[in-house]
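Each remark here refers to the structure printed beneath this line.
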Amino acid sequence: MSQRLVPLALLTALAVTGCSSDGYYYDRNSEYADASIASPLELPASRNAADYQDSMPVPQASSDFLASEDFEAPRPQPLATSEQGEREFVALRESGDARWLAVNAAPAAVWTRLQSFVRDQGLDVQSIDAGKGEITTSEGVISVSQGLRSDASEVRCQQGADVSGSCLNALRGYLSASSSDSGVSLAAQSLSRDDRVRLEGRNGSWQVDLALDTERSWAELLYQLQKNFDTDYQKLTDQNRSQGEFMIDYIPREDRDGGWLGIGGDGDPLPMVLTLRAEGDHTLVTTRRTDGEDTSPALARELLDAVASTLR
């Protein structure tokens, strides 16, 4: 073998070795688990404070979770498959006597379309309040508010205390046909919020905090669970509206055939229940096993993280 071929052979051997499952991927679990807080950088008091700001600010934690010695960083959620389809741009939501539209666009974008709807329909406008997201007409009030997702809105039509079904139907058709680049209202930017769904650890247990009342949370969860929890490893099996419970068969990731990618599922499903309860104007979602076995914090976190992912 010539001397010129030796480096090429060595490089080939190193490349093959580097692609093996034993050495190519570097496990960073211990780095994240052992991370510590460093003292903040101290700047001179004589500086102009207006010239300095945090380039990467860290928000206040909404959880008291502390990693244990055997902590493992959670795997990323699997990507949505083509079978799940695209999100429906406008969909009707119902809960009891309440009805509204769920729109997959931020309130500031929906607000401009509501103004166009009122104008195109020739409605008699009495007042417009972009800060509240309300347009009052002689026929009733059309309003938009932040949905659970950061890029989602809820649209309502009210005639006094009653829902206007004809208005909702007309709006549903109008919004579905409207242009996706119809603009964004700066005046309605305050309607948007991005902290509607939070996974929190409290006293060794886990919960999902939804910034909606239980009626709206139930309707949105029912829709998302019916759409997304219909696989071999996570399936919505029943519901009890009066008790605020969803029954789910769930196979933990470690027991699924196909590993953490979540493809297939040979493990036995665990019977789980999601419970909704009101706390002020928020809704808390918790989970437990229904077969009498203890629910480990790791299992509760994994399932509630999957639930929260469908709402983000």
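Following the order of the structure tokens, chains are lettered A, B, ..., residues in each are numbered from 1, and ligands are numbered from 1.
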Within 8 Å of region 124-130 of chain A, counting only C-alpha atoms, which residues qualify if same-chain residues fewer than 4 places away don't, as a VMD selection string? chain A and resid 111 118 134 to 139 187 to 188
Keeping only C-alpha atoms, take the residues you just selected and write them out as a PDB file, in the first residue's frame.
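Printed below is again24.pdb as written:
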```
ATOM      1  CA  TRP A 111     -59.076  41.289  14.500  1.00  0.00           C
ATOM      2  CA  VAL A 118     -68.388  43.861   9.655  1.00  0.00           C
ATOM      3  CA  GLU A 134     -64.900  43.708  20.755  1.00  0.00           C
ATOM      4  CA  ILE A 135     -67.027  45.107  17.954  1.00  0.00           C
ATOM      5  CA  THR A 136     -70.505  46.134  19.085  1.00  0.00           C
ATOM      6  CA  THR A 137     -73.189  46.311  16.414  1.00  0.00           C
ATOM      7  CA  SER A 138     -76.947  46.843  16.562  1.00  0.00           C
ATOM      8  CA  GLU A 139     -77.300  43.059  16.043  1.00  0.00           C
ATOM      9  CA  ALA A 187     -53.908  48.156  18.120  1.00  0.00           C
ATOM     10  CA  ALA A 188     -54.946  44.572  18.988  1.00  0.00           C
TER      11      ALA A 188
END
```
DSSP strand (DSSP E) residues within region 90-298 of chain A, listed as a PyMOL selection string: chain A and resi 90-95+98-103+125-129+134-137+140-146+153-159+162-163+197-202+205-210+234-240+245-250+270-279+282-289
Which residue of A:Arg196, A:Arg277, A:Arg289, A:Arg253 approaches Arg149 (chain A) most closely, using only C-alpha atoms: A:Arg196
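Residues in contact with region 217-232 of chain A at up to 7 Å, not including ones fewer than 3 positions away on its chain and judged by only C-alpha atoms, are Arg93, Glu94, Ser95, Leu212, Asp213, Thr214, Lys235, Leu236, Gly264, Gly265, Thr283 and Thr310 of chain A.
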Tell me which of A:Pro271, A:Gly292, A:Pro252, A:Pro44 sits closest to Thr237 (chain A), counting only C-alpha atoms.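 Selected residue with least distance to Thr237 (chain A): A:Pro271.
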Could you check the closest approach to Ile251 (chain A) for each of A:Leu311, A:Val208, A:Ala102, A:Met272 and tell me which residue wins, using only C-alpha atoms? A:Met272
Atom pair CA of Arg198 (chain A) / CA of Val155 (chain A): separation (Å):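 Result for CA of Arg198 (chain A) versus CA of Val155 (chain A): 22.9 Å, one decimal.
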Two-atom distance - CA of Trp100 (chain A), CA of Glu279 (chain A) (Å):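 About the pair CA of Trp100 (chain A) and CA of Glu279 (chain A): they are 22.7 Å apart.
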Quick one: distance from CA of Leu210 (chain A) to CA of Ala108 (chain A) in Å, one decimal? 21.0 Å
Could you give me, as a list in words, the residues within 12 Å of Thr295 (chain A), counting only C-alpha atoms and dropping anything in the same chain fewer than 3 positions from it? Gly204, Ser205, Trp206, Leu270, Pro271, Met272, Val273, Thr286, Thr287, Arg288, Arg289, Thr290, Asp291, Gly292, Ala298, Leu299, Ala300, Arg301, Glu302 and Leu303 of chain A
Since we have the selection now, will you write its residues out, keeping N, CA, C and O atoms, as a compact mmCIF listing (two decimals), in the first residue's frame?
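Produced file result.txt, reproduced below:
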```
# COMPACT_ATOMS: atom_id res chain seq x y z
N GLY A 204 -43.36 17.58 44.23
CA GLY A 204 -43.09 16.24 43.77
C GLY A 204 -44.08 15.68 42.78
O GLY A 204 -43.93 14.55 42.32
N SER A 205 -45.11 16.43 42.42
CA SER A 205 -46.09 15.98 41.44
C SER A 205 -46.14 16.97 40.29
O SER A 205 -45.59 18.07 40.37
N TRP A 206 -46.85 16.58 39.21
CA TRP A 206 -46.88 17.40 38.00
C TRP A 206 -48.30 17.78 37.63
O TRP A 206 -49.25 17.05 37.93
N LEU A 270 -51.21 1.41 30.00
CA LEU A 270 -51.59 1.69 31.37
C LEU A 270 -52.88 2.50 31.38
O LEU A 270 -53.01 3.47 30.64
N PRO A 271 -53.86 2.11 32.21
CA PRO A 271 -55.09 2.90 32.29
C PRO A 271 -54.85 4.17 33.09
O PRO A 271 -54.51 4.13 34.27
N MET A 272 -55.01 5.32 32.45
CA MET A 272 -54.76 6.60 33.08
C MET A 272 -56.02 7.46 33.00
O MET A 272 -56.89 7.25 32.15
N VAL A 273 -56.09 8.44 33.89
CA VAL A 273 -57.19 9.40 33.86
C VAL A 273 -56.62 10.80 33.98
O VAL A 273 -55.71 11.05 34.78
N THR A 286 -54.37 17.20 36.04
CA THR A 286 -53.49 16.23 36.69
C THR A 286 -53.81 14.84 36.14
O THR A 286 -54.82 14.64 35.46
N THR A 287 -52.97 13.88 36.46
CA THR A 287 -53.19 12.53 35.97
C THR A 287 -52.83 11.50 37.03
O THR A 287 -52.01 11.77 37.93
N ARG A 288 -53.41 10.32 36.92
CA ARG A 288 -53.11 9.20 37.82
C ARG A 288 -53.50 7.91 37.13
O ARG A 288 -54.30 7.88 36.20
N ARG A 289 -52.92 6.82 37.63
CA ARG A 289 -53.29 5.50 37.16
C ARG A 289 -54.60 5.08 37.81
O ARG A 289 -54.88 5.43 38.96
N THR A 290 -55.40 4.31 37.09
CA THR A 290 -56.70 3.88 37.62
C THR A 290 -56.71 2.40 37.99
O THR A 290 -57.77 1.87 38.32
N ASP A 291 -55.54 1.74 37.94
CA ASP A 291 -55.49 0.32 38.28
C ASP A 291 -55.02 0.08 39.71
O ASP A 291 -54.71 -1.05 40.09
N GLY A 292 -54.95 1.14 40.50
CA GLY A 292 -54.54 1.00 41.89
C GLY A 292 -53.05 1.11 42.12
O GLY A 292 -52.60 1.20 43.26
N ALA A 298 -42.32 10.49 37.04
CA ALA A 298 -41.82 10.44 35.66
C ALA A 298 -42.93 10.11 34.68
O ALA A 298 -43.02 10.70 33.60
N LEU A 299 -43.81 9.17 35.05
CA LEU A 299 -44.93 8.81 34.18
C LEU A 299 -45.91 9.96 34.05
O LEU A 299 -46.38 10.28 32.95
N ALA A 300 -46.23 10.62 35.18
CA ALA A 300 -47.15 11.75 35.15
C ALA A 300 -46.60 12.88 34.29
O ALA A 300 -47.32 13.47 33.48
N ARG A 301 -45.32 13.15 34.43
CA ARG A 301 -44.71 14.22 33.64
C ARG A 301 -44.75 13.89 32.16
O ARG A 301 -45.06 14.74 31.33
N GLU A 302 -44.44 12.64 31.81
CA GLU A 302 -44.40 12.25 30.40
C GLU A 302 -45.77 12.38 29.75
O GLU A 302 -45.90 12.94 28.65
N LEU A 303 -46.81 11.88 30.43
CA LEU A 303 -48.16 11.95 29.85
C LEU A 303 -48.65 13.39 29.78
O LEU A 303 -49.19 13.82 28.76
```
Per-residue DSSP, region 79-139 of chain A, filtered to helix (DSSP H, G or I), as a ChimeraX atom specification: /A:82-84,107-121
Selection from above, N, CA, C and O atoms, as a short mmCIF file (atom, residue, chain, number, x, y, z; two decimals), in the first residue's frame, can you write it?
```
data_model
loop_
_atom_site.label_atom_id
_atom_site.label_comp_id
_atom_site.auth_asym_id
_atom_site.auth_seq_id
_atom_site.Cartn_x
_atom_site.Cartn_y
_atom_site.Cartn_z
N SER A 82 -48.17 12.66 8.79
CA SER A 82 -49.10 13.13 7.77
C SER A 82 -50.51 12.66 8.06
O SER A 82 -51.48 13.27 7.62
N GLU A 83 -50.63 11.54 8.84
CA GLU A 83 -51.94 11.02 9.16
C GLU A 83 -52.72 11.98 10.05
O GLU A 83 -53.94 11.99 10.08
N GLN A 84 -51.98 12.77 10.85
CA GLN A 84 -52.65 13.70 11.74
C GLN A 84 -53.22 14.88 10.97
O GLN A 84 -54.14 15.55 11.44
N PRO A 107 -54.77 36.67 17.71
CA PRO A 107 -55.88 37.63 17.80
C PRO A 107 -55.66 38.90 16.98
O PRO A 107 -56.61 39.42 16.38
N ALA A 108 -54.42 39.39 16.92
CA ALA A 108 -54.16 40.62 16.16
C ALA A 108 -54.42 40.43 14.68
O ALA A 108 -54.78 41.38 13.97
N ALA A 109 -54.22 39.18 14.17
CA ALA A 109 -54.50 38.91 12.76
C ALA A 109 -56.00 38.68 12.54
O ALA A 109 -56.55 39.11 11.52
N VAL A 110 -56.65 38.03 13.49
CA VAL A 110 -58.09 37.79 13.36
C VAL A 110 -58.87 39.10 13.47
O VAL A 110 -59.90 39.28 12.81
N TRP A 111 -58.38 40.03 14.28
CA TRP A 111 -59.08 41.29 14.50
C TRP A 111 -59.28 42.04 13.18
O TRP A 111 -60.36 42.59 12.93
N THR A 112 -58.27 42.08 12.33
CA THR A 112 -58.41 42.77 11.04
C THR A 112 -59.48 42.09 10.18
O THR A 112 -60.21 42.75 9.45
N ARG A 113 -59.60 40.79 10.27
CA ARG A 113 -60.61 40.07 9.48
C ARG A 113 -62.01 40.32 10.02
O ARG A 113 -62.98 40.38 9.25
N LEU A 114 -62.13 40.46 11.35
CA LEU A 114 -63.44 40.77 11.91
C LEU A 114 -63.90 42.16 11.46
O LEU A 114 -65.08 42.37 11.16
N GLN A 115 -62.97 43.10 11.41
CA GLN A 115 -63.33 44.43 10.93
C GLN A 115 -63.78 44.38 9.47
O GLN A 115 -64.74 45.05 9.08
N SER A 116 -63.08 43.58 8.67
CA SER A 116 -63.47 43.43 7.26
C SER A 116 -64.84 42.77 7.13
O SER A 116 -65.66 43.15 6.29
N PHE A 117 -65.11 41.80 7.99
CA PHE A 117 -66.40 41.11 7.97
C PHE A 117 -67.54 42.08 8.26
O PHE A 117 -68.56 42.11 7.56
N VAL A 118 -67.36 42.88 9.29
CA VAL A 118 -68.39 43.86 9.66
C VAL A 118 -68.62 44.85 8.52
O VAL A 118 -69.77 45.20 8.19
N ARG A 119 -67.53 45.30 7.91
CA ARG A 119 -67.65 46.26 6.82
C ARG A 119 -68.32 45.63 5.60
O ARG A 119 -69.23 46.21 5.00
N ASP A 120 -67.89 44.40 5.24
CA ASP A 120 -68.45 43.75 4.05
C ASP A 120 -69.92 43.37 4.23
O ASP A 120 -70.68 43.34 3.26
N GLN A 121 -70.30 43.08 5.48
CA GLN A 121 -71.70 42.71 5.75
C GLN A 121 -72.60 43.93 5.90
O GLN A 121 -73.82 43.79 5.99
#
```
Using only C-alpha atoms, determine which residues lie at most 8 Å from region 164-177 of chain A, disregarding the query and same-chain residues fewer than 6 positions distant; provide the list as a ChimeraX atom specification. /A:89-91,100-101,113,117,156-158
